[in-house]
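*Asks:* Supplied structure: final_5.cif, mmCIF, C-alpha atoms.
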data_run
loop_
_atom_site.group_PDB
_atom_site.id
_atom_site.type_symbol
_atom_site.label_atom_id
_atom_site.label_comp_id
_atom_site.auth_asym_id
_atom_site.auth_seq_id
_atom_site.Cartn_x
_atom_site.Cartn_y
_atom_site.Cartn_z
ATOM 1 C CA MET A 1 138.985 158.095 169.775
ATOM 2 C CA ARG A 2 135.639 156.416 170.339
ATOM 3 C CA LEU A 3 135.337 157.727 173.922
ATOM 4 C CA PHE A 4 136.003 161.276 172.745
ATOM 5 C CA LEU A 5 133.210 161.158 170.148
ATOM 6 C CA CYS A 6 130.731 159.787 172.695
ATOM 7 C CA GLY A 7 131.648 162.594 175.098
ATOM 8 C CA VAL A 8 131.072 165.258 172.446
ATOM 9 C CA PHE A 9 127.689 163.731 171.603
ATOM 10 C CA LEU A 10 126.622 163.728 175.270
ATOM 11 C CA LEU A 11 127.616 167.355 175.774
ATOM 12 C CA SER A 12 125.788 168.591 172.707
ATOM 13 C CA SER A 13 122.669 166.516 173.406
ATOM 14 C CA HIS A 14 122.176 168.102 176.854
ATOM 15 C CA GLY A 15 122.236 171.662 175.488
ATOM 16 C CA ILE A 16 124.938 172.887 177.857
ATOM 17 C CA SER A 17 125.399 176.622 177.473
ATOM 18 C CA ALA A 18 127.875 179.143 178.784
ATOM 19 C CA PHE A 19 125.191 180.975 180.811
ATOM 20 C CA GLU A 20 126.682 181.943 184.187
ATOM 21 C CA ILE A 21 125.410 183.343 187.460
ATOM 22 C CA GLU A 22 127.851 184.933 189.910
ATOM 23 C CA ASN A 23 127.702 186.912 193.147
ATOM 24 C CA PHE A 24 124.371 185.382 194.206
ATOM 25 C CA LYS A 25 122.984 186.804 197.460
ATOM 26 C CA SER A 26 119.713 186.275 199.298
ATOM 27 C CA GLY A 27 118.476 187.853 202.481
ATOM 28 C CA SER A 28 117.232 191.150 203.881
ATOM 29 C CA ALA A 29 116.898 194.015 201.422
ATOM 30 C CA CYS A 30 117.678 197.687 201.902
ATOM 31 C CA THR A 31 115.400 199.874 199.805
ATOM 32 C CA ASP A 32 113.540 203.152 199.690
ATOM 33 C CA ASN A 33 110.579 201.207 198.204
ATOM 34 C CA GLN A 34 110.687 203.300 195.005
ATOM 35 C CA THR A 35 114.029 203.944 193.316
ATOM 36 C CA PHE A 36 116.734 201.615 194.645
ATOM 37 C CA GLY A 37 117.399 198.405 196.487
ATOM 38 C CA TRP A 38 119.928 195.662 197.096
ATOM 39 C CA ILE A 39 120.457 192.649 199.325
ATOM 40 C CA CYS A 40 122.236 194.313 202.213
ATOM 41 C CA HIS A 41 122.334 191.336 204.602
ATOM 42 C CA ASN A 42 123.189 188.030 202.931
ATOM 43 C CA SER A 43 121.340 185.801 205.397
ATOM 44 C CA LYS A 44 118.917 182.916 205.589
ATOM 45 C CA ASP A 45 117.131 184.500 208.580
ATOM 46 C CA ILE A 46 114.557 187.227 207.880
ATOM 47 C CA TYR A 47 113.021 188.990 210.889
ATOM 48 C CA VAL A 48 109.601 190.488 210.138
ATOM 49 C CA THR A 49 109.638 193.920 211.788
ATOM 50 C CA GLY A 50 107.183 195.954 209.717
ATOM 51 C CA GLN A 51 109.544 198.931 209.479
ATOM 52 C CA SER A 52 108.573 199.618 205.846
ATOM 53 C CA LYS A 53 105.206 200.321 204.226
ATOM 54 C CA CYS A 54 104.062 198.204 201.299
ATOM 55 C CA LYS A 55 100.946 198.156 199.194
ATOM 56 C CA TRP A 56 99.316 194.713 199.365
ATOM 57 C CA ASN A 57 95.883 193.822 198.029
ATOM 58 C CA GLY A 58 95.141 197.525 197.515
ATOM 59 C CA GLU A 59 96.015 198.558 201.085
ATOM 60 C CA SER A 60 99.086 200.075 202.738
ATOM 61 C CA LYS A 61 100.538 197.631 205.286
ATOM 62 C CA PRO A 62 103.645 197.454 207.481
ATOM 63 C CA CYS A 63 106.111 195.058 205.855
ATOM 64 C CA THR A 64 109.685 193.784 205.697
ATOM 65 C CA TRP A 65 111.733 193.607 202.482
ATOM 66 C CA TYR A 66 113.942 190.667 201.473
ATOM 67 C CA GLY A 67 114.810 188.847 198.242
ATOM 68 C CA PHE A 68 117.705 187.802 196.044
ATOM 69 C CA GLU A 69 120.107 189.212 193.480
ATOM 70 C CA PHE A 70 122.889 188.056 191.169
ATOM 71 C CA ASP A 71 125.122 189.027 188.268
ATOM 72 C CA TYR A 72 124.821 187.061 185.029
ATOM 73 C CA SER A 73 126.716 186.746 181.759
ATOM 74 C CA ASP A 74 126.644 184.875 178.447
ATOM 75 C CA ASN A 75 122.844 184.952 178.413
ATOM 76 C CA LYS A 76 120.970 184.009 175.282
ATOM 77 C CA ASN A 77 118.208 186.531 174.540
ATOM 78 C CA GLY A 78 115.046 185.749 176.464
ATOM 79 C CA THR A 79 116.354 183.142 178.909
ATOM 80 C CA THR A 80 113.555 182.174 181.282
ATOM 81 C CA ILE A 81 114.417 181.206 184.848
ATOM 82 C CA GLU A 82 111.747 178.977 186.392
ATOM 83 C CA CYS A 83 111.573 178.745 190.178
ATOM 84 C CA THR A 84 109.610 176.455 192.482
ATOM 85 C CA TYR A 85 109.244 176.960 196.214
ATOM 86 C CA GLN A 86 108.066 174.956 199.206
ATOM 87 C CA GLN A 87 107.092 176.392 202.613
ATOM 88 C CA SER A 88 106.700 174.758 206.025
ATOM 89 C CA TYR A 89 103.045 175.833 206.249
ATOM 90 C CA SER A 90 100.369 177.441 204.080
ATOM 91 C CA GLY A 91 99.871 181.139 203.517
ATOM 92 C CA SER A 92 98.473 183.630 201.029
ATOM 93 C CA MET A 93 100.540 185.211 198.261
ATOM 94 C CA GLY A 94 99.784 188.490 196.593
ATOM 95 C CA ASN A 95 100.983 191.729 195.089
ATOM 96 C CA PRO A 96 100.115 195.411 195.412
ATOM 97 C CA SER A 97 96.788 194.896 193.617
ATOM 98 C CA GLU A 98 95.400 191.544 194.723
ATOM 99 C CA VAL A 99 95.712 188.245 196.557
ATOM 100 C CA THR A 100 96.886 185.804 193.894
ATOM 101 C CA ILE A 101 97.088 182.543 195.875
ATOM 102 C CA LYS A 102 95.261 181.573 199.061
ATOM 103 C CA ASP A 103 96.353 178.908 201.546
ATOM 104 C CA ALA A 104 99.232 177.345 199.596
ATOM 105 C CA ASP A 105 102.478 175.838 200.887
ATOM 106 C CA SER A 106 104.132 175.612 197.460
ATOM 107 C CA GLY A 107 104.139 177.341 194.118
ATOM 108 C CA SER A 108 106.168 178.551 191.179
ATOM 109 C CA TYR A 109 107.150 181.700 189.340
ATOM 110 C CA SER A 110 109.373 182.597 186.398
ATOM 111 C CA PHE A 111 111.206 185.615 185.014
ATOM 112 C CA ASP A 112 113.148 186.478 181.876
ATOM 113 C CA LEU A 113 116.644 187.880 181.542
ATOM 114 C CA LYS A 114 116.669 190.116 178.484
ATOM 115 C CA GLU A 115 120.260 191.405 178.345
ATOM 116 C CA ALA A 116 123.376 189.382 177.423
ATOM 117 C CA SER A 117 124.857 190.252 180.812
ATOM 118 C CA GLY A 118 123.844 192.337 183.779
ATOM 119 C CA HIS A 119 122.510 192.404 187.297
ATOM 120 C CA PHE A 120 119.156 191.011 188.433
ATOM 121 C CA TYR A 121 117.522 192.113 191.699
ATOM 122 C CA ASN A 122 114.278 190.528 192.918
ATOM 123 C CA PRO A 123 112.795 192.376 195.900
ATOM 124 C CA GLN A 124 110.028 190.678 197.846
ATOM 125 C CA TYR A 125 108.138 191.728 200.925
ATOM 126 C CA ILE A 126 106.210 190.072 203.697
ATOM 127 C CA ILE A 127 103.399 191.731 205.610
ATOM 128 C CA LEU A 128 103.824 192.155 209.348
ATOM 129 C CA ASN A 129 101.513 190.009 211.431
ATOM 130 C CA THR A 130 101.883 188.174 214.696
ATOM 131 C CA ARG A 131 101.789 184.408 214.937
ATOM 132 C CA SER A 132 101.366 181.799 217.607
ATOM 133 C CA LYS A 133 104.582 180.309 218.976
ATOM 134 C CA ASP A 134 103.987 177.202 216.795
ATOM 135 C CA GLU A 135 103.855 179.297 213.603
ATOM 136 C CA ALA A 136 106.408 182.014 214.436
ATOM 137 C CA LEU A 137 108.953 180.417 212.059
ATOM 138 C CA LEU A 138 108.137 179.952 208.372
ATOM 139 C CA GLU A 139 110.777 177.958 206.481
ATOM 140 C CA SER A 140 110.939 178.241 202.709
ATOM 141 C CA HIS A 141 113.140 176.659 200.065
ATOM 142 C CA THR A 142 113.389 177.726 196.406
ATOM 143 C CA ILE A 143 115.074 176.007 193.450
ATOM 144 C CA CYS A 144 115.528 177.900 190.163
ATOM 145 C CA LYS A 145 116.285 176.258 186.814
ATOM 146 C CA VAL A 146 117.043 177.135 183.208
ATOM 147 C CA ASN A 147 116.061 174.471 180.664
ATOM 148 C CA ASN A 148 115.383 172.098 183.578
ATOM 149 C CA GLU A 149 118.959 172.489 184.927
ATOM 150 C CA LYS A 150 119.382 173.979 188.404
ATOM 151 C CA VAL A 151 121.180 177.346 188.317
ATOM 152 C CA PHE A 152 120.680 178.382 191.972
ATOM 153 C CA GLU A 153 118.742 177.615 195.122
ATOM 154 C CA PHE A 154 118.177 179.390 198.410
ATOM 155 C CA GLY A 155 116.106 179.223 201.552
ATOM 156 C CA PHE A 156 114.737 181.537 204.207
ATOM 157 C CA ASN A 157 113.801 181.191 207.851
ATOM 158 C CA ILE A 158 111.181 183.914 208.239
ATOM 159 C CA HIS A 159 110.713 184.882 211.889
ATOM 160 C CA PHE A 160 107.373 186.470 212.807
ATOM 161 C CA PRO A 161 106.673 188.280 216.090
ATOM 162 C CA ILE A 162 104.865 186.024 218.576
ATOM 163 C CA SER A 163 101.354 187.124 219.575
ATOM 164 C CA LYS A 164 100.785 187.873 223.240
#
Mind converting the file's structure to structure tokens?
*Replies:*
Amino acid sequence: MRLFLCGVFLLSSHGISAFEIENFKSGSACTDNQTFGWICHNSKDIYVTGQSKCKWNGESKPCTWYGFEFDYSDNKNGTTIECTYQQSYSGSMGNPSEVTIKDADSGSYSFDLKEASGHFYNPQYIILNTRSKDEALLESHTICKVNNEKVFEFGFNIHFPISK
């Protein structure tokens, strides 16, 4: 009986919840850049082709879409997922309006899940540019947590065209 009571205490003290993530995918995205999108190629390798147009730092640029998506259930209202990432070399991060981070090889972001269950899709894009042979591959790794417990992780090998 004593072991059972200790086990119950340990479970309740760690705040284990029934929150679940299923059908996680990361890789290349198919999108019209306005009304729809999904991860259409579940892959670690992303090839930067510039076949789309994206607004970055106030300008229209050739880009490639990628990202991640998942289904979730048993969510408590307002669950925040906190993600940290590490890259093999530094770069600038931004959005349609501005450059938000310059010359960083790591960072973090978070997002909230508002519904009890549903689907979450996170499209991202990378601007087309050529790189030297030494920098033609950018490796990234992301870990995402809820209440400091890992719920998913993923990585990308982003392949840039090599400059002539």
*Asks:* For the PyMOL selection byres ((chain A and resi 58-74) around 8), applied here, can you spell out every residue it catches as number ranges by chain?
*Replies:* A: 18-31, 38-39, 46-57, 75-76, 96-98, 116-128
*Asks:* Between atom CA of Lys150 of chain A and atom CA of Gly78 of chain A, what is the distance, to one decimal in Å?
*Replies:*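 Separation of atom CA of Lys150 of chain A and atom CA of Gly78 of chain A: 17.3 Å.
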*Asks:* One number please: atom CA of Cys144 of chain A to atom CA of Gln87 of chain A, in Å, one decimal.
*Replies:*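 So the answer is 15.1 Å.
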*Asks:* Find the residues near Gly107 of chain A: any atom within 10 Å, counting all atoms listed in the file, skip ones fewer than 2 places away on the same chain, and give them as an MDAnalysis selection string.
*Replies:* chainID A and resid 83:87 93 101 104:105 109 142
*Asks:* Quick one, how far is atom CA of Ser140 of chain A from atom CA of Ile81 of chain A?
*Replies:*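 Between atom CA of Ser140 of chain A and atom CA of Ile81 of chain A the gap is 18.4 Å.
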*Asks:* Expand the PyMOL selection byres ((chain A and resi 156) around 7) into the individual residues it matches in the shown file, reporting them as a PyMOL selection string.
*Replies:* chain A and resi 44-46+139-141+155+157-158
*Asks:* Which is closer to Lys114 of chain A than all the others in A:Thr80, A:Asn33, A:Asn42, A:Thr130, using all atoms listed in the file?
*Replies:* A:Thr80
*Asks:* Out of A:Ser88, A:Gly94, A:Glu115, A:Ser108, which residue has the shortest atom-to-atom distance to Asp134 of chain A when counting all atoms listed in the file?
*Replies:* A:Ser88
*Asks:* When the PyMOL selection byres ((chain A and resi 132) around 10) is applied to the structure above, which residues does it catch, written out as a PDB file with C-alpha atoms, keeping the file's coordinate frame?
*Replies:*
ATOM      1  CA  THR A 130     101.883 188.174 214.696  1.00  0.00           C
ATOM      2  CA  ARG A 131     101.789 184.408 214.937  1.00  0.00           C
ATOM      3  CA  LYS A 133     104.582 180.309 218.976  1.00  0.00           C
ATOM      4  CA  ASP A 134     103.987 177.202 216.795  1.00  0.00           C
ATOM      5  CA  GLU A 135     103.855 179.297 213.603  1.00  0.00           C
ATOM      6  CA  ALA A 136     106.408 182.014 214.436  1.00  0.00           C
ATOM      7  CA  LEU A 137     108.953 180.417 212.059  1.00  0.00           C
ATOM      8  CA  PHE A 160     107.373 186.470 212.807  1.00  0.00           C
ATOM      9  CA  PRO A 161     106.673 188.280 216.090  1.00  0.00           C
ATOM     10  CA  ILE A 162     104.865 186.024 218.576  1.00  0.00           C
ATOM     11  CA  SER A 163     101.354 187.124 219.575  1.00  0.00           C
ATOM     12  CA  LYS A 164     100.785 187.873 223.240  1.00  0.00           C
TER      13      LYS A 164
END
*Asks:* Build an axis-aligned box that encloses every atom of segment 95-113 of chain A listed in the file, pad it by 3 Å on each side, and report its centre and edge lengths in Å to one decimal, as lines of an AutoDock Vina configuration file.
*Replies:*
center_x = 106.0
center_y = 185.5
center_z = 191.5
size_x = 27.4
size_y = 25.8
size_z = 26.0
*Asks:* Is there a way to complete segment 117-132 of chain A with N, CA, C and O atoms and then write that out as a tab-separated table (two decimals), in the coordinates of the input?
*Replies:*
chain	number	residue	atom	x	y	z
A	117	SER	N	124.25	190.31	179.49
A	117	SER	CA	124.86	190.25	180.81
A	117	SER	C	124.29	191.41	181.62
A	117	SER	O	123.79	192.38	181.08
A	118	GLY	N	124.36	191.26	182.94
A	118	GLY	CA	123.84	192.34	183.78
A	118	GLY	C	123.67	191.90	185.21
A	118	GLY	O	124.25	190.91	185.67
A	119	HIS	N	122.81	192.65	185.89
A	119	HIS	CA	122.51	192.40	187.30
A	119	HIS	C	121.00	192.23	187.43
A	119	HIS	O	120.24	192.99	186.84
A	120	PHE	N	120.58	191.23	188.19
A	120	PHE	CA	119.16	191.01	188.43
A	120	PHE	C	118.90	191.11	189.93
A	120	PHE	O	119.60	190.49	190.72
A	121	TYR	N	117.91	191.91	190.30
A	121	TYR	CA	117.52	192.11	191.70
A	121	TYR	C	116.03	191.81	191.81
A	121	TYR	O	115.22	192.35	191.05
A	122	ASN	N	115.67	190.91	192.73
A	122	ASN	CA	114.28	190.53	192.92
A	122	ASN	C	113.84	190.85	194.35
A	122	ASN	O	114.02	190.03	195.25
A	123	PRO	N	113.28	192.04	194.56
A	123	PRO	CA	112.80	192.38	195.90
A	123	PRO	C	111.46	191.70	196.17
A	123	PRO	O	110.62	191.56	195.28
A	124	GLN	N	111.28	191.27	197.39
A	124	GLN	CA	110.03	190.68	197.85
A	124	GLN	C	109.71	191.29	199.20
A	124	GLN	O	110.60	191.82	199.86
A	125	TYR	N	108.47	191.25	199.60
A	125	TYR	CA	108.14	191.73	200.92
A	125	TYR	C	107.15	190.79	201.60
A	125	TYR	O	106.46	190.02	200.93
A	126	ILE	N	107.15	190.87	202.92
A	126	ILE	CA	106.21	190.07	203.70
A	126	ILE	C	105.51	191.02	204.66
A	126	ILE	O	106.14	191.91	205.25
A	127	ILE	N	104.22	190.85	204.78
A	127	ILE	CA	103.40	191.73	205.61
A	127	ILE	C	103.57	191.35	207.08
A	127	ILE	O	103.57	190.17	207.43
A	128	LEU	N	103.70	192.38	207.91
A	128	LEU	CA	103.82	192.16	209.35
A	128	LEU	C	102.52	191.61	209.91
A	128	LEU	O	101.45	192.15	209.66
A	129	ASN	N	102.61	190.52	210.61
A	129	ASN	CA	101.51	190.01	211.43
A	129	ASN	C	102.10	189.12	212.51
A	129	ASN	O	103.20	188.61	212.37
A	130	THR	N	101.40	189.01	213.60
A	130	THR	CA	101.88	188.17	214.70
A	130	THR	C	101.39	186.75	214.50
A	130	THR	O	100.38	186.51	213.83
A	131	ARG	N	102.12	185.83	215.07
A	131	ARG	CA	101.79	184.41	214.94
A	131	ARG	C	101.86	183.75	216.30
A	131	ARG	O	102.51	184.25	217.21
A	132	SER	N	101.22	182.60	216.39
A	132	SER	CA	101.37	181.80	217.61
A	132	SER	C	102.80	181.27	217.66
A	132	SER	O	103.51	181.26	216.65
